[in-house]
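Q: Here you go, start10.pdb (PDB, C-alpha atoms and all ligand atoms):
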ATOM      1  CA  MET A   1       1.299   3.262 -21.086  1.00  0.00           C
ATOM      2  CA  GLN A   2      -0.671   2.765 -17.859  1.00  0.00           C
ATOM      3  CA  LYS A   3       0.503   4.858 -14.931  1.00  0.00           C
ATOM      4  CA  LEU A   4       1.059   3.189 -11.570  1.00  0.00           C
ATOM      5  CA  PHE A   5       1.111   4.917  -8.186  1.00  0.00           C
ATOM      6  CA  LEU A   6       2.002   3.061  -4.994  1.00  0.00           C
ATOM      7  CA  ILE A   7       0.881   4.280  -1.593  1.00  0.00           C
ATOM      8  CA  ILE A   8       2.737   3.191   1.511  1.00  0.00           C
ATOM      9  CA  GLY A   9       2.135   4.123   5.126  1.00  0.00           C
ATOM     10  CA  ALA A  10       2.034   2.730   8.626  1.00  0.00           C
ATOM     11  CA  PRO A  11      -0.986   0.777   9.842  1.00  0.00           C
ATOM     12  CA  GLY A  12      -3.576   3.446  10.601  1.00  0.00           C
ATOM     13  CA  SER A  13      -2.041   5.978   8.216  1.00  0.00           C
ATOM     14  CA  GLY A  14      -5.293   6.038   6.251  1.00  0.00           C
ATOM     15  CA  LYS A  15      -3.714   5.024   2.962  1.00  0.00           C
ATOM     16  CA  THR A  16      -6.569   2.717   1.905  1.00  0.00           C
ATOM     17  CA  THR A  17      -9.286   5.242   2.728  1.00  0.00           C
ATOM     18  CA  ASP A  18      -7.444   8.024   0.891  1.00  0.00           C
ATOM     19  CA  ALA A  19      -6.914   5.914  -2.220  1.00  0.00           C
ATOM     20  CA  GLN A  20     -10.504   4.654  -2.239  1.00  0.00           C
ATOM     21  CA  LEU A  21     -11.859   8.196  -2.164  1.00  0.00           C
ATOM     22  CA  ILE A  22      -9.568   9.317  -4.947  1.00  0.00           C
ATOM     23  CA  ALA A  23     -10.565   6.394  -7.174  1.00  0.00           C
ATOM     24  CA  LYS A  24     -14.230   7.177  -6.533  1.00  0.00           C
ATOM     25  CA  ASN A  25     -13.693  10.706  -7.842  1.00  0.00           C
ATOM     26  CA  HIS A  26     -12.123   9.622 -11.135  1.00  0.00           C
ATOM     27  CA  GLU A  27     -13.331   7.092 -13.684  1.00  0.00           C
ATOM     28  CA  ASN A  28      -9.839   6.681 -15.072  1.00  0.00           C
ATOM     29  CA  ILE A  29      -8.358   5.467 -11.759  1.00  0.00           C
ATOM     30  CA  THR A  30      -8.554   1.902 -10.398  1.00  0.00           C
ATOM     31  CA  HIS A  31      -7.560   1.284  -6.793  1.00  0.00           C
ATOM     32  CA  TYR A  32      -6.440  -1.940  -5.127  1.00  0.00           C
ATOM     33  CA  SER A  33      -5.406  -2.460  -1.514  1.00  0.00           C
ATOM     34  CA  THR A  34      -3.131  -5.416  -0.756  1.00  0.00           C
ATOM     35  CA  GLY A  35      -4.620  -5.703   2.742  1.00  0.00           C
ATOM     36  CA  ASP A  36      -8.175  -5.771   1.337  1.00  0.00           C
ATOM     37  CA  MET A  37      -7.234  -8.333  -1.317  1.00  0.00           C
ATOM     38  CA  PHE A  38      -5.698 -10.619   1.311  1.00  0.00           C
ATOM     39  CA  ARG A  39      -8.666 -10.138   3.658  1.00  0.00           C
ATOM     40  CA  ALA A  40     -11.009 -11.103   0.795  1.00  0.00           C
ATOM     41  CA  GLU A  41      -9.004 -14.300   0.314  1.00  0.00           C
ATOM     42  CA  VAL A  42      -9.275 -15.026   4.048  1.00  0.00           C
ATOM     43  CA  SER A  43     -13.057 -14.404   3.971  1.00  0.00           C
ATOM     44  CA  SER A  44     -13.473 -16.809   1.064  1.00  0.00           C
ATOM     45  CA  GLY A  45     -12.462 -19.620   3.399  1.00  0.00           C
ATOM     46  CA  SER A  46      -9.956 -21.047   0.894  1.00  0.00           C
ATOM     47  CA  GLU A  47      -6.867 -22.982   1.939  1.00  0.00           C
ATOM     48  CA  LEU A  48      -4.742 -20.045   0.802  1.00  0.00           C
ATOM     49  CA  GLY A  49      -6.920 -17.757   2.929  1.00  0.00           C
ATOM     50  CA  LYS A  50      -6.275 -19.906   5.980  1.00  0.00           C
ATOM     51  CA  THR A  51      -2.556 -19.701   5.389  1.00  0.00           C
ATOM     52  CA  LEU A  52      -2.685 -15.927   4.883  1.00  0.00           C
ATOM     53  CA  ASN A  53      -4.694 -15.511   8.064  1.00  0.00           C
ATOM     54  CA  SER A  54      -1.957 -17.153  10.109  1.00  0.00           C
ATOM     55  CA  TYR A  55       0.440 -14.379   9.025  1.00  0.00           C
ATOM     56  CA  MET A  56      -2.007 -11.492   9.123  1.00  0.00           C
ATOM     57  CA  SER A  57      -3.471 -12.203  12.542  1.00  0.00           C
ATOM     58  CA  ALA A  58       0.052 -11.957  13.979  1.00  0.00           C
ATOM     59  CA  GLY A  59       0.821  -8.758  12.079  1.00  0.00           C
ATOM     60  CA  ASN A  60       3.419 -10.433   9.878  1.00  0.00           C
ATOM     61  CA  LEU A  61       3.820 -10.110   6.119  1.00  0.00           C
ATOM     62  CA  VAL A  62       2.246 -12.784   3.980  1.00  0.00           C
ATOM     63  CA  PRO A  63       4.831 -14.771   1.958  1.00  0.00           C
ATOM     64  CA  ILE A  64       6.635 -12.924  -0.833  1.00  0.00           C
ATOM     65  CA  GLU A  65       5.341 -15.245  -3.598  1.00  0.00           C
ATOM     66  CA  VAL A  66       1.745 -14.441  -2.645  1.00  0.00           C
ATOM     67  CA  ALA A  67       2.447 -10.712  -2.329  1.00  0.00           C
ATOM     68  CA  ILE A  68       4.144 -10.342  -5.731  1.00  0.00           C
ATOM     69  CA  LYS A  69       1.604 -12.547  -7.493  1.00  0.00           C
ATOM     70  CA  THR A  70      -1.232 -10.507  -6.021  1.00  0.00           C
ATOM     71  CA  ILE A  71       0.185  -7.161  -7.091  1.00  0.00           C
ATOM     72  CA  VAL A  72       1.162  -8.338 -10.576  1.00  0.00           C
ATOM     73  CA  ASN A  73      -2.340  -9.775 -11.110  1.00  0.00           C
ATOM     74  CA  ALA A  74      -3.869  -6.511  -9.921  1.00  0.00           C
ATOM     75  CA  ILE A  75      -1.703  -4.505 -12.323  1.00  0.00           C
ATOM     76  CA  LYS A  76      -2.571  -6.827 -15.216  1.00  0.00           C
ATOM     77  CA  LYS A  77      -6.312  -6.744 -14.657  1.00  0.00           C
ATOM     78  CA  ALA A  78      -6.642  -2.993 -14.002  1.00  0.00           C
ATOM     79  CA  PRO A  79      -8.925  -1.676 -16.773  1.00  0.00           C
ATOM     80  CA  THR A  80      -8.042   2.027 -16.462  1.00  0.00           C
ATOM     81  CA  PRO A  81      -5.070   4.189 -17.549  1.00  0.00           C
ATOM     82  CA  VAL A  82      -4.218   4.968 -13.916  1.00  0.00           C
ATOM     83  CA  ILE A  83      -3.672   2.356 -11.195  1.00  0.00           C
ATOM     84  CA  VAL A  84      -3.277   3.132  -7.491  1.00  0.00           C
ATOM     85  CA  ILE A  85      -2.162   0.306  -5.196  1.00  0.00           C
ATOM     86  CA  ASP A  86      -1.759   0.759  -1.469  1.00  0.00           C
ATOM     87  CA  GLY A  87       0.126  -1.514   0.904  1.00  0.00           C
ATOM     88  CA  TYR A  88       3.027  -2.405  -1.384  1.00  0.00           C
ATOM     89  CA  PRO A  89       6.001  -2.693  -1.092  1.00  0.00           C
ATOM     90  CA  ARG A  90       6.432  -3.643   2.525  1.00  0.00           C
ATOM     91  CA  SER A  91       9.865  -5.224   2.282  1.00  0.00           C
ATOM     92  CA  ILE A  92      13.029  -4.854   0.279  1.00  0.00           C
ATOM     93  CA  GLU A  93      12.459  -8.143  -1.492  1.00  0.00           C
ATOM     94  CA  GLN A  94       8.933  -7.047  -2.484  1.00  0.00           C
ATOM     95  CA  MET A  95      10.351  -3.780  -3.795  1.00  0.00           C
ATOM     96  CA  GLU A  96      12.998  -5.587  -5.836  1.00  0.00           C
ATOM     97  CA  ALA A  97      10.529  -8.165  -7.141  1.00  0.00           C
ATOM     98  CA  LEU A  98       8.211  -5.414  -8.396  1.00  0.00           C
ATOM     99  CA  ASP A  99      11.110  -3.501  -9.887  1.00  0.00           C
ATOM    100  CA  ASN A 100      12.149  -6.618 -11.825  1.00  0.00           C
ATOM    101  CA  TYR A 101       8.591  -7.176 -12.983  1.00  0.00           C
ATOM    102  CA  LEU A 102       8.180  -3.573 -14.137  1.00  0.00           C
ATOM    103  CA  ALA A 103      11.361  -3.855 -16.175  1.00  0.00           C
ATOM    104  CA  THR A 104       9.635  -6.591 -18.220  1.00  0.00           C
ATOM    105  CA  ASP A 105       6.218  -4.937 -18.609  1.00  0.00           C
ATOM    106  CA  ASN A 106       6.091  -2.287 -21.310  1.00  0.00           C
ATOM    107  CA  GLU A 107       2.443  -1.468 -20.645  1.00  0.00           C
ATOM    108  CA  VAL A 108       2.890   0.088 -17.219  1.00  0.00           C
ATOM    109  CA  GLU A 109       5.193   2.657 -15.681  1.00  0.00           C
ATOM    110  CA  LEU A 110       5.718   3.450 -11.987  1.00  0.00           C
ATOM    111  CA  VAL A 111       5.010   7.159 -11.713  1.00  0.00           C
ATOM    112  CA  ASN A 112       5.400   7.716  -7.981  1.00  0.00           C
ATOM    113  CA  VAL A 113       5.430   6.215  -4.512  1.00  0.00           C
ATOM    114  CA  ILE A 114       3.407   8.269  -2.046  1.00  0.00           C
ATOM    115  CA  GLU A 115       4.231   7.814   1.616  1.00  0.00           C
ATOM    116  CA  VAL A 116       1.488   8.833   4.032  1.00  0.00           C
ATOM    117  CA  GLU A 117       3.328   9.919   7.166  1.00  0.00           C
ATOM    118  CA  VAL A 118       1.863   9.640  10.660  1.00  0.00           C
ATOM    119  CA  SER A 119       3.463   9.367  14.098  1.00  0.00           C
ATOM    120  CA  GLU A 120       3.277   6.062  15.924  1.00  0.00           C
ATOM    121  CA  ASP A 121       0.897   7.564  18.528  1.00  0.00           C
ATOM    122  CA  VAL A 122      -1.611   8.714  15.930  1.00  0.00           C
ATOM    123  CA  ALA A 123      -1.335   5.390  14.110  1.00  0.00           C
ATOM    124  CA  ARG A 124      -1.974   3.421  17.302  1.00  0.00           C
ATOM    125  CA  ASP A 125      -4.985   5.536  18.324  1.00  0.00           C
ATOM    126  CA  ARG A 126      -6.568   5.129  14.903  1.00  0.00           C
ATOM    127  CA  VAL A 127      -5.968   1.379  14.638  1.00  0.00           C
ATOM    128  CA  LEU A 128      -7.188   0.561  18.135  1.00  0.00           C
ATOM    129  CA  GLY A 129     -10.127   2.937  17.673  1.00  0.00           C
ATOM    130  CA  ARG A 130     -11.366   1.322  14.479  1.00  0.00           C
ATOM    131  CA  ALA A 131     -10.682  -2.316  15.517  1.00  0.00           C
ATOM    132  CA  ARG A 132     -11.363  -3.721  12.067  1.00  0.00           C
ATOM    133  CA  GLY A 133     -10.122  -7.245  12.661  1.00  0.00           C
ATOM    134  CA  ALA A 134      -8.277  -9.739  14.824  1.00  0.00           C
ATOM    135  CA  ASP A 135      -5.000  -7.932  14.149  1.00  0.00           C
ATOM    136  CA  ASP A 136      -6.217  -4.661  15.705  1.00  0.00           C
ATOM    137  CA  ASN A 137      -4.979  -4.989  19.266  1.00  0.00           C
ATOM    138  CA  ASN A 138      -2.053  -3.378  21.076  1.00  0.00           C
ATOM    139  CA  GLU A 139       0.336  -6.296  20.885  1.00  0.00           C
ATOM    140  CA  VAL A 140      -0.240  -7.081  17.209  1.00  0.00           C
ATOM    141  CA  PHE A 141      -0.137  -3.367  16.424  1.00  0.00           C
ATOM    142  CA  ASP A 142       3.396  -3.215  17.896  1.00  0.00           C
ATOM    143  CA  ASN A 143       4.509  -5.973  15.579  1.00  0.00           C
ATOM    144  CA  ARG A 144       2.823  -4.450  12.512  1.00  0.00           C
ATOM    145  CA  MET A 145       4.533  -1.140  13.292  1.00  0.00           C
ATOM    146  CA  LYS A 146       7.893  -2.892  13.663  1.00  0.00           C
ATOM    147  CA  VAL A 147       7.415  -4.818  10.416  1.00  0.00           C
ATOM    148  CA  TYR A 148       6.486  -1.554   8.660  1.00  0.00           C
ATOM    149  CA  THR A 149       9.363   0.475  10.099  1.00  0.00           C
ATOM    150  CA  GLU A 150      12.237  -1.977   9.674  1.00  0.00           C
ATOM    151  CA  PRO A 151      12.706  -1.749   5.883  1.00  0.00           C
ATOM    152  CA  LEU A 152      11.325   1.790   5.565  1.00  0.00           C
ATOM    153  CA  ALA A 153      14.611   3.700   5.282  1.00  0.00           C
ATOM    154  CA  ASP A 154      15.844   1.365   2.539  1.00  0.00           C
ATOM    155  CA  ILE A 155      12.544   1.579   0.675  1.00  0.00           C
ATOM    156  CA  GLN A 156      12.593   5.387   0.928  1.00  0.00           C
ATOM    157  CA  GLY A 157      16.210   5.487  -0.237  1.00  0.00           C
ATOM    158  CA  PHE A 158      15.544   3.251  -3.233  1.00  0.00           C
ATOM    159  CA  TYR A 159      12.675   5.367  -4.571  1.00  0.00           C
ATOM    160  CA  GLN A 160      14.293   8.644  -3.565  1.00  0.00           C
ATOM    161  CA  SER A 161      17.310   7.761  -5.685  1.00  0.00           C
ATOM    162  CA  LYS A 162      14.964   7.329  -8.659  1.00  0.00           C
ATOM    163  CA  ASN A 163      13.241  10.604  -7.763  1.00  0.00           C
ATOM    164  CA  LEU A 164       9.982   8.750  -7.240  1.00  0.00           C
ATOM    165  CA  LEU A 165       9.170   9.338  -3.556  1.00  0.00           C
ATOM    166  CA  THR A 166       6.640  11.868  -2.276  1.00  0.00           C
ATOM    167  CA  LYS A 167       5.710  12.270   1.384  1.00  0.00           C
ATOM    168  CA  ILE A 168       2.288  13.457   2.445  1.00  0.00           C
ATOM    169  CA  ASN A 169       1.358  14.524   5.960  1.00  0.00           C
ATOM    170  CA  GLY A 170      -1.253  12.010   7.136  1.00  0.00           C
ATOM    171  CA  GLU A 171      -2.074  13.787  10.383  1.00  0.00           C
ATOM    172  CA  ARG A 172      -4.763  16.008   8.923  1.00  0.00           C
ATOM    173  CA  THR A 173      -8.421  15.517   8.083  1.00  0.00           C
ATOM    174  CA  ILE A 174      -9.228  12.922   5.432  1.00  0.00           C
ATOM    175  CA  GLU A 175     -10.562  15.719   3.205  1.00  0.00           C
ATOM    176  CA  GLU A 176      -7.275  17.631   3.382  1.00  0.00           C
ATOM    177  CA  ILE A 177      -5.142  14.565   2.751  1.00  0.00           C
ATOM    178  CA  VAL A 178      -7.289  13.353  -0.127  1.00  0.00           C
ATOM    179  CA  ALA A 179      -7.322  16.820  -1.708  1.00  0.00           C
ATOM    180  CA  ASP A 180      -3.523  16.948  -1.545  1.00  0.00           C
ATOM    181  CA  MET A 181      -2.987  13.445  -2.856  1.00  0.00           C
ATOM    182  CA  ASP A 182      -5.551  13.885  -5.597  1.00  0.00           C
ATOM    183  CA  LYS A 183      -3.945  17.124  -6.757  1.00  0.00           C
ATOM    184  CA  PHE A 184      -0.554  15.448  -6.799  1.00  0.00           C
ATOM    185  CA  ILE A 185      -1.771  12.424  -8.807  1.00  0.00           C
ATOM    186  CA  GLN A 186      -3.572  14.674 -11.276  1.00  0.00           C
ATOM    187  CA  SER A 187      -0.379  16.697 -11.740  1.00  0.00           C
ATOM    188  CA  LYS A 188       1.452  13.525 -12.795  1.00  0.00           C
ATOM    189  CA  ILE A 189      -1.022  12.035 -15.268  1.00  0.00           C
TER     190      ILE A 189
HETATM  191  P1  LIG A 201      -2.263  -1.911   7.815  1.00  0.00           P
HETATM  192  O1  LIG A 201      -1.586  -1.022   6.829  1.00  0.00           O
HETATM  193  O2  LIG A 201      -3.194  -1.169   8.702  1.00  0.00           O
HETATM  194  O3  LIG A 201      -1.320  -2.841   8.499  1.00  0.00           O
HETATM  195  P2  LIG A 201      -3.351  -3.436   5.663  1.00  0.00           P
HETATM  196  O4  LIG A 201      -4.780  -3.636   5.420  1.00  0.00           O
HETATM  197  O5  LIG A 201      -2.563  -2.655   4.683  1.00  0.00           O
HETATM  198  O6  LIG A 201      -3.305  -2.800   7.090  1.00  0.00           O
HETATM  199  O7  LIG A 201      -2.621  -4.852   5.880  1.00  0.00           O
HETATM  200  C1  LIG A 201      -3.117  -5.806   6.782  1.00  0.00           C
HETATM  201  C2  LIG A 201      -2.210  -7.037   6.783  1.00  0.00           C
HETATM  202  O8  LIG A 201      -2.190  -7.632   5.472  1.00  0.00           O
HETATM  203  C3  LIG A 201      -0.743  -6.763   7.099  1.00  0.00           C
HETATM  204  O9  LIG A 201      -0.500  -6.698   8.487  1.00  0.00           O
HETATM  205  C4  LIG A 201      -0.081  -7.988   6.436  1.00  0.00           C
HETATM  206  O10 LIG A 201      -0.255  -9.145   7.225  1.00  0.00           O
HETATM  207  C5  LIG A 201      -0.910  -8.175   5.182  1.00  0.00           C
HETATM  208  N1  LIG A 201      -0.319  -7.425   4.038  1.00  0.00           N
HETATM  209  C6  LIG A 201      -0.811  -6.304   3.464  1.00  0.00           C
HETATM  210  N2  LIG A 201      -0.017  -5.900   2.445  1.00  0.00           N
HETATM  211  C7  LIG A 201       1.016  -6.783   2.387  1.00  0.00           C
HETATM  212  C8  LIG A 201       2.160  -6.927   1.548  1.00  0.00           C
HETATM  213  N3  LIG A 201       2.465  -6.066   0.570  1.00  0.00           N
HETATM  214  N4  LIG A 201       2.987  -7.966   1.790  1.00  0.00           N
HETATM  215  C9  LIG A 201       2.741  -8.848   2.753  1.00  0.00           C
HETATM  216  N5  LIG A 201       1.688  -8.779   3.581  1.00  0.00           N
HETATM  217  C10 LIG A 201       0.819  -7.762   3.411  1.00  0.00           C
END
Any chance you could give the structure as structure tokens?

A:
Amino acid sequence: MQKLFLIIGAPGSGKTTDAQLIAKNHENITHYSTGDMFRAEVSSGSELGKTLNSYMSAGNLVPIEVAIKTIVNAIKKAPTPVIVIDGYPRSIEQMEALDNYLATDNEVELVNVIEVEVSEDVARDRVLGRARGADDNNEVFDNRMKVYTEPLADIQGFYQSKNLLTKINGERTIEEIVADMDKFIQSKI
């Protein structure tokens, strides 16, 4: 059975960086980032990419069908026993869609959902400081934060009730956060 970990966190929480570093340290871990996968689609110049860009540049979620298809494809193609995906779920419907999918897939089990916690101030400073793309400005940041925060309590509650939620303090150095997260993942596999 492959083991799946999800990482969620506000924009600027560092979830993609943390997961990338962990995957680099271990041959048995594959990492995918929903944001990176959608940005790659946008960069390809495809029609789908153009559509995705219209959502992403405003800080809105891409449509549910695209999000669930992307994560299911990532799970199916992952060649290693451990899969780490960051950026999913970001809505209740995404969470339920994945839950339904996992109930039908006997090859993979959700081991834990790791939430990287940062305050809004830290998140804003990091996002505006790195300015990675068109969605990294104050106004779009506000919307991304709102979109992230709105379903958060329900998402936390859902995984908490299954005993699958772990919070990690994201307001430390990358080394400290990665060391913590890595230790946690290793303890579960
Ligand atoms: P951040 O966490 O800093 O917002 P990401 O790289 O995770 O950055 O996501 C960038 C954008 O990609 C989001 O604002 C959203 O438009 C889109 N996106 C990422 N993950 C999802 C998802 N699970 N569902 C819908 N849209 C997503």

Q: Do you have, as a tab-separated table, the list of residues of chain A lying at most 6 Å from ligand LIG 201 (chain A), each with its nearest atom pair and that distance in Å to one decimal, counting only C-alpha atoms and all ligand atoms and ordered by chain then number?

A:
residue	atom	partner	partner_atom	distance
A:Ala10	CA	A:LIG201	O1	5.5
A:Pro11	CA	A:LIG201	O2	3.2
A:Gly12	CA	A:LIG201	O2	5.0
A:Thr34	CA	A:LIG201	N2	4.5
A:Gly35	CA	A:LIG201	O4	3.4
A:Asp36	CA	A:LIG201	O4	5.7
A:Tyr55	CA	A:LIG201	O10	5.6
A:Met56	CA	A:LIG201	O10	3.5
A:Gly59	CA	A:LIG201	O9	4.3
A:Asn60	CA	A:LIG201	O10	4.7
A:Leu61	CA	A:LIG201	N5	3.6
A:Val62	CA	A:LIG201	N5	4.1
A:Ala67	CA	A:LIG201	N4	5.0
A:Gly87	CA	A:LIG201	N2	4.7
A:Tyr88	CA	A:LIG201	N3	4.2
A:Pro89	CA	A:LIG201	N3	5.2
A:Arg90	CA	A:LIG201	N3	5.0
A:Arg144	CA	A:LIG201	O9	5.7

Q: Using only C-alpha atoms, which residue out of A:Met95, A:Ser57, A:Arg172, A:Ile22 lies closest to Gly157 in chain A?

A: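 Ranked by minimum distance to Gly157 in chain A, first place goes to A:Met95.
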
Q: Please determine an axis-aligned box that encloses all atoms of range 181-186 of chain A listed in the file, with 5 Å added on each side, and express its centre and edge lengths in Å to one decimal as AutoDock Vina command-line options.

A:
--center_x -3.1 --center_y 14.8 --center_z -7.1 --size_x 15.0 --size_y 14.7 --size_z 18.4

Q: I'd like the residues picked by the PyMOL selection byres (((chain A and resi 142) around 12) and not hetatm) written out as a ChimeraX atom specification, using the chain letters and numbers from the file.

A: /A:10-11,58-60,120-121,123-124,127-128,135-141,143-149

Q: Kindly resolve the PyMOL selection byres (((chain A and resi 2-9) around 6) and not hetatm) on the present coordinates and return the residues as JSON, numbers by chain.

A: {"A": [1, 10, 13, 81, 82, 83, 84, 85, 86, 87, 107, 108, 109, 110, 111, 112, 113, 114, 115, 116]}

Q: Residues near Asp182 in chain A, anyone? I mean within 9 Å using only C-alpha atoms, not counting same-chain ones fewer than 3 positions away, as a PyMOL selection string.

A: chain A and resi 18-19+22+177-179+185-187

Q: CA of Phe38 in chain A and CA of Thr51 in chain A, how far apart in Å?

A: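 CA of Phe38 in chain A lies at a distance of 10.4 Å from CA of Thr51 in chain A.
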
Q: Would you work out the distance separating CA of Phe158 in chain A from CA of Val122 in chain A, expressed in Å to one decimal?

A: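 Taking CA of Phe158 in chain A as the start and CA of Val122 in chain A as the end point, the length is 26.3 Å.
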
Q: Which residue, A:Ile64, A:Asp105, A:Lys162, A:Lys24, has the smallest gap to Leu52 in chain A when you use all atoms listed in the file?

A: A:Ile64

Q: (0.8, 13.4, 6.5) in this file's frame - what residues fall within 6 Å of it? Use only C-alpha atoms and give the answer as an NGL selection string.

A: :A and (116-118 or 168-171)

Q: Give me the residues near Ala97 in chain A as a list in words, where near means some atom within 10 Å (using only C-alpha atoms) and where sequence neighbours in that chain fewer than 5 positions away do not count.

A: Ile64, Glu65, Ala67, Ile68, Lys69, Val72, Pro89, Ser91, Ile92 and Leu102 of chain A

Q: Which is closest to Thr173 in chain A among A:Thr17, A:Ala23, A:Ala153, A:Ser44, if we use only C-alpha atoms?

A: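 Ranking A:Thr17, A:Ala23, A:Ala153, A:Ser44 by distance to Thr173 in chain A, first place goes to A:Thr17.
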
Q: Ranking A:Ser46, A:Ser119, A:Ser33, A:Thr16 by minimum distance to Ile75 in chain A and counting all atoms listed in the file, which one comes first?

A: A:Ser33
